[in-house]
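Novice: PDB, C-alpha atoms and all ligand atoms, file protein.pdb:
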MODEL        1
ATOM      1  CA  MET A   1      36.368 -15.403 -52.241  1.00  0.00           C
ATOM      2  CA  ILE A   2      37.434 -11.829 -51.458  1.00  0.00           C
ATOM      3  CA  LYS A   3      34.008 -10.627 -52.488  1.00  0.00           C
ATOM      4  CA  PHE A   4      32.384 -13.173 -50.232  1.00  0.00           C
ATOM      5  CA  LEU A   5      34.545 -12.073 -47.315  1.00  0.00           C
ATOM      6  CA  SER A   6      33.829  -8.397 -47.819  1.00  0.00           C
ATOM      7  CA  THR A   7      30.108  -9.119 -47.999  1.00  0.00           C
ATOM      8  CA  LEU A   8      30.420 -11.092 -44.810  1.00  0.00           C
ATOM      9  CA  MET A   9      32.303  -8.211 -43.162  1.00  0.00           C
ATOM     10  CA  LEU A  10      29.672  -5.720 -44.257  1.00  0.00           C
ATOM     11  CA  GLY A  11      27.011  -7.999 -42.827  1.00  0.00           C
ATOM     12  CA  LEU A  12      28.789  -8.163 -39.490  1.00  0.00           C
ATOM     13  CA  VAL A  13      29.206  -4.386 -39.369  1.00  0.00           C
ATOM     14  CA  LEU A  14      25.518  -3.887 -40.084  1.00  0.00           C
ATOM     15  CA  LEU A  15      24.603  -6.444 -37.447  1.00  0.00           C
ATOM     16  CA  ALA A  16      26.792  -4.652 -34.919  1.00  0.00           C
ATOM     17  CA  ALA A  17      25.178  -1.345 -35.831  1.00  0.00           C
ATOM     18  CA  CYS A  18      21.732  -2.829 -35.293  1.00  0.00           C
ATOM     19  CA  ASN A  19      22.736  -4.102 -31.887  1.00  0.00           C
ATOM     20  CA  GLN A  20      23.663  -0.566 -30.870  1.00  0.00           C
ATOM     21  CA  LYS A  21      20.030   0.426 -31.160  1.00  0.00           C
ATOM     22  CA  SER A  22      18.306   1.110 -27.902  1.00  0.00           C
ATOM     23  CA  ALA A  23      16.291  -1.684 -26.391  1.00  0.00           C
ATOM     24  CA  ASN A  24      13.571  -0.662 -24.035  1.00  0.00           C
ATOM     25  CA  ALA A  25      13.215  -2.846 -21.027  1.00  0.00           C
ATOM     26  CA  GLU A  26      11.122  -2.762 -17.918  1.00  0.00           C
ATOM     27  CA  ALA A  27      11.721  -4.256 -14.546  1.00  0.00           C
ATOM     28  CA  SER A  28       9.947  -4.300 -11.255  1.00  0.00           C
ATOM     29  CA  PHE A  29      11.401  -5.522  -8.008  1.00  0.00           C
ATOM     30  CA  LYS A  30      11.110  -4.918  -4.290  1.00  0.00           C
ATOM     31  CA  VAL A  31      13.018  -2.158  -2.547  1.00  0.00           C
ATOM     32  CA  TRP A  32      12.816  -2.020   1.222  1.00  0.00           C
ATOM     33  CA  GLY A  33      11.825   1.399   2.594  1.00  0.00           C
ATOM     34  CA  ASN A  34       9.355   3.356   4.720  1.00  0.00           C
ATOM     35  CA  CYS A  35       8.053   6.651   3.559  1.00  0.00           C
ATOM     36  CA  LYS A  36       7.822   9.407   1.004  1.00  0.00           C
ATOM     37  CA  MET A  37      11.285  10.576   1.904  1.00  0.00           C
ATOM     38  CA  CYS A  38      12.579   7.113   1.056  1.00  0.00           C
ATOM     39  CA  LYS A  39      10.744   7.371  -2.237  1.00  0.00           C
ATOM     40  CA  LYS A  40      12.628  10.558  -3.005  1.00  0.00           C
ATOM     41  CA  THR A  41      15.995   9.077  -2.091  1.00  0.00           C
ATOM     42  CA  ILE A  42      15.379   5.834  -3.959  1.00  0.00           C
ATOM     43  CA  GLU A  43      14.220   7.574  -7.110  1.00  0.00           C
ATOM     44  CA  ALA A  44      16.988  10.167  -6.872  1.00  0.00           C
ATOM     45  CA  SER A  45      19.565   7.367  -6.826  1.00  0.00           C
ATOM     46  CA  LEU A  46      18.660   6.670 -10.460  1.00  0.00           C
ATOM     47  CA  LYS A  47      18.210  10.251 -11.567  1.00  0.00           C
ATOM     48  CA  ASP A  48      20.468  11.338 -14.430  1.00  0.00           C
ATOM     49  CA  LYS A  49      21.863   7.822 -14.817  1.00  0.00           C
ATOM     50  CA  ALA A  50      22.429   6.942 -18.457  1.00  0.00           C
ATOM     51  CA  GLY A  51      19.770   4.644 -19.846  1.00  0.00           C
ATOM     52  CA  ILE A  52      17.100   5.304 -17.218  1.00  0.00           C
ATOM     53  CA  ALA A  53      13.844   6.479 -18.762  1.00  0.00           C
ATOM     54  CA  GLU A  54      11.587   6.271 -15.753  1.00  0.00           C
ATOM     55  CA  ALA A  55      11.887   5.128 -12.179  1.00  0.00           C
ATOM     56  CA  SER A  56       9.177   5.066  -9.595  1.00  0.00           C
ATOM     57  CA  TRP A  57       8.840   3.431  -6.193  1.00  0.00           C
ATOM     58  CA  ASP A  58       5.536   2.794  -4.490  1.00  0.00           C
ATOM     59  CA  VAL A  59       5.508   3.486  -0.745  1.00  0.00           C
ATOM     60  CA  LYS A  60       2.718   1.023  -0.030  1.00  0.00           C
ATOM     61  CA  SER A  61       3.692  -1.977  -2.127  1.00  0.00           C
ATOM     62  CA  LYS A  62       7.486  -1.290  -1.913  1.00  0.00           C
ATOM     63  CA  GLN A  63       7.660  -2.126  -5.595  1.00  0.00           C
ATOM     64  CA  MET A  64      10.149  -0.356  -7.805  1.00  0.00           C
ATOM     65  CA  LYS A  65       9.273   0.093 -11.443  1.00  0.00           C
ATOM     66  CA  VAL A  66      11.998   1.047 -13.852  1.00  0.00           C
ATOM     67  CA  SER A  67      11.933   1.655 -17.585  1.00  0.00           C
ATOM     68  CA  PHE A  68      15.387   1.570 -19.057  1.00  0.00           C
ATOM     69  CA  ASP A  69      17.499   1.062 -22.139  1.00  0.00           C
ATOM     70  CA  SER A  70      19.091  -2.339 -21.683  1.00  0.00           C
ATOM     71  CA  THR A  71      21.947  -1.470 -24.049  1.00  0.00           C
ATOM     72  CA  GLN A  72      23.012   1.317 -21.685  1.00  0.00           C
ATOM     73  CA  ILE A  73      22.321  -0.050 -18.244  1.00  0.00           C
ATOM     74  CA  LYS A  74      21.753  -3.473 -16.738  1.00  0.00           C
ATOM     75  CA  LEU A  75      19.251  -4.379 -14.065  1.00  0.00           C
ATOM     76  CA  GLN A  76      22.146  -5.288 -11.782  1.00  0.00           C
ATOM     77  CA  ASP A  77      23.579  -1.754 -12.146  1.00  0.00           C
ATOM     78  CA  ILE A  78      20.205  -0.232 -11.331  1.00  0.00           C
ATOM     79  CA  GLN A  79      19.922  -2.304  -8.162  1.00  0.00           C
ATOM     80  CA  GLN A  80      23.509  -1.402  -7.314  1.00  0.00           C
ATOM     81  CA  TYR A  81      22.724   2.338  -7.483  1.00  0.00           C
ATOM     82  CA  ILE A  82      19.738   1.905  -5.185  1.00  0.00           C
ATOM     83  CA  ALA A  83      21.817  -0.162  -2.782  1.00  0.00           C
ATOM     84  CA  ALA A  84      24.505   2.548  -2.814  1.00  0.00           C
ATOM     85  CA  ALA A  85      21.855   4.973  -1.537  1.00  0.00           C
ATOM     86  CA  GLY A  86      21.326   2.641   1.433  1.00  0.00           C
ATOM     87  CA  TYR A  87      18.337   0.653   0.282  1.00  0.00           C
ATOM     88  CA  ASP A  88      18.042  -3.127   0.363  1.00  0.00           C
ATOM     89  CA  ASN A  89      16.431  -4.517  -2.746  1.00  0.00           C
ATOM     90  CA  ASP A  90      15.730  -7.820  -4.446  1.00  0.00           C
ATOM     91  CA  GLY A  91      19.092  -7.840  -6.187  1.00  0.00           C
ATOM     92  CA  VAL A  92      21.608  -6.072  -3.989  1.00  0.00           C
ATOM     93  CA  ARG A  93      21.842  -5.395  -0.268  1.00  0.00           C
ATOM     94  CA  GLY A  94      21.925  -1.722   0.721  1.00  0.00           C
ATOM     95  CA  ASN A  95      25.214  -0.103   1.634  1.00  0.00           C
ATOM     96  CA  ASP A  96      25.478  -0.092   5.458  1.00  0.00           C
ATOM     97  CA  GLN A  97      27.157   3.298   5.702  1.00  0.00           C
ATOM     98  CA  ALA A  98      24.548   4.925   3.486  1.00  0.00           C
ATOM     99  CA  TYR A  99      21.823   3.243   5.547  1.00  0.00           C
ATOM    100  CA  ALA A 100      23.326   4.649   8.746  1.00  0.00           C
ATOM    101  CA  GLY A 101      23.182   8.112   7.205  1.00  0.00           C
ATOM    102  CA  LEU A 102      19.473   7.934   6.380  1.00  0.00           C
ATOM    103  CA  HIS A 103      16.974  10.128   8.189  1.00  0.00           C
ATOM    104  CA  GLU A 104      15.615   8.499  11.375  1.00  0.00           C
ATOM    105  CA  CYS A 105      12.171   7.928   9.868  1.00  0.00           C
ATOM    106  CA  CYS A 106      13.779   6.274   6.876  1.00  0.00           C
ATOM    107  CA  LYS A 107      15.670   3.631   8.850  1.00  0.00           C
ATOM    108  CA  TYR A 108      13.466   0.821   7.631  1.00  0.00           C
ATOM    109  CA  ASP A 109      13.704  -2.724   8.996  1.00  0.00           C
ATOM    110  CA  ARG A 110      16.474  -4.341   6.982  1.00  0.00           C
ATOM    111  CA  ALA A 111      15.686  -7.166   4.638  1.00  0.00           C
ATOM    112  CA  PRO A 112      16.525 -10.622   5.971  1.00  0.00           C
ATOM    113  CA  LEU A 113      20.095 -11.427   4.915  1.00  0.00           C
ATOM    114  CA  SER A 114      19.062 -14.581   3.105  1.00  0.00           C
ATOM    115  CA  ALA A 115      16.615 -12.679   0.903  1.00  0.00           C
ATOM    116  CA  THR A 116      19.203 -10.536  -0.761  1.00  0.00           C
ATOM    117  CA  PRO A 117      22.069 -12.427  -2.324  1.00  0.00           C
ATOM    118  CA  MET A 118      25.315 -10.492  -2.396  1.00  0.00           C
ATOM    119  CA  PRO A 119      26.488  -9.580  -5.886  1.00  0.00           C
TER     120      PRO A 119
HETATM  121 CU    CU B 201      11.821   7.313   4.519  1.00  0.00          CU
ENDMDL
END
Now that the file is in, can you turn its structure into C-alpha cells?
Ligand SMILES: [Cu+2]
Specialist:
Amino acid sequence: MIKFLSTLMLGLVLLAACNQKSANAEASFKVWGNCKMCKKTIEASLKDKAGIAEASWDVKSKQMKVSFDSTQIKLQDIQQYIAAAGYDNDGVRGNDQAYAGLHECCKYDRAPLSATPMP
C-alpha cells in the first residue's frame, strides 16, 4: 500500500511538473484606437510583461494579435494592461484617466458601453 501511495505521489509530482511547461497561445481581439501613435502605446503596454512573446496591433483593422505563454499570463490580464493604457478593447474598457491623458490625435471614439463588459 505504501508503495502504491508513493508511486501515486511521484505520478502527481511529475504531472505537476509537466503542467509547468510553457503553453503557447494566440489571441486576436479588437482594440479601439486611431493612429500609429496609438499602435505604439498599445504595443508598449504589453512590452516586458512576463509571458508575452509578440504583440502587434493593426491600425486599419484595429485587430490586436498576441502570442503568449498561457501558463504565465491570461488573456484577461493582457486586455487589462491595454485598458490601463487607456484603450478600450473587446475584454476590458479603457481606463478613463489614461484615456484623458492620451495625445489629442489618439483620443479615439470610445467603444459603446454595451460592447465592453466590465471585468
Ligand atoms: Cu493615436
Novice: Name the closest residue to Val31 (chain A) among the candidates A:Leu12, A:Ala100, A:Met64, A:Leu75; distances are taken between atoms, counting all atoms listed in the file.
Specialist: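 Using all atoms listed in the file, Val31 (chain A) sits closest to A:Met64.
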Novice: Using all atoms listed in the file, which residues sit within 12 Å of Met37 (chain A) once same-chain residues fewer than 5 positions away are excluded, as a short mmCIF file (atom, residue, chain, number, x, y, z; two decimals) with C-alpha atoms, keeping the file's coordinate frame?
Specialist:
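In the end it all went to around37.cif:
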data_model
loop_
_atom_site.label_atom_id
_atom_site.label_comp_id
_atom_site.auth_asym_id
_atom_site.auth_seq_id
_atom_site.Cartn_x
_atom_site.Cartn_y
_atom_site.Cartn_z
CA ILE A 42 15.38 5.83 -3.96
CA GLU A 43 14.22 7.57 -7.11
CA ALA A 44 16.99 10.17 -6.87
CA TRP A 57 8.84 3.43 -6.19
CA ASP A 58 5.54 2.79 -4.49
CA VAL A 59 5.51 3.49 -0.74
CA LEU A 102 19.47 7.93 6.38
CA HIS A 103 16.97 10.13 8.19
CA GLU A 104 15.62 8.50 11.38
CA CYS A 105 12.17 7.93 9.87
CA CYS A 106 13.78 6.27 6.88
CA LYS A 107 15.67 3.63 8.85
CA TYR A 108 13.47 0.82 7.63
#
Novice: Separation of CA of Met9 (chain A) and CA of Thr71 (chain A), in Å?
Specialist: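 About the pair CA of Met9 (chain A) and CA of Thr71 (chain A): they are 22.8 Å apart.
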Novice: Here's a test: counting all atoms listed in the file, identify every protein, DNA and RNA residue with an atom at most 9 Å from (11.0, -2.9, -4.1) in the file's coordinate frame, and state them as a count of residues only.
Specialist: 16
Novice: How many Å separate CA of Asp69 (chain A) from CA of Asp48 (chain A)?
Specialist: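 If I compute the distance from CA of Asp69 (chain A) to CA of Asp48 (chain A), I get 13.2 Å.
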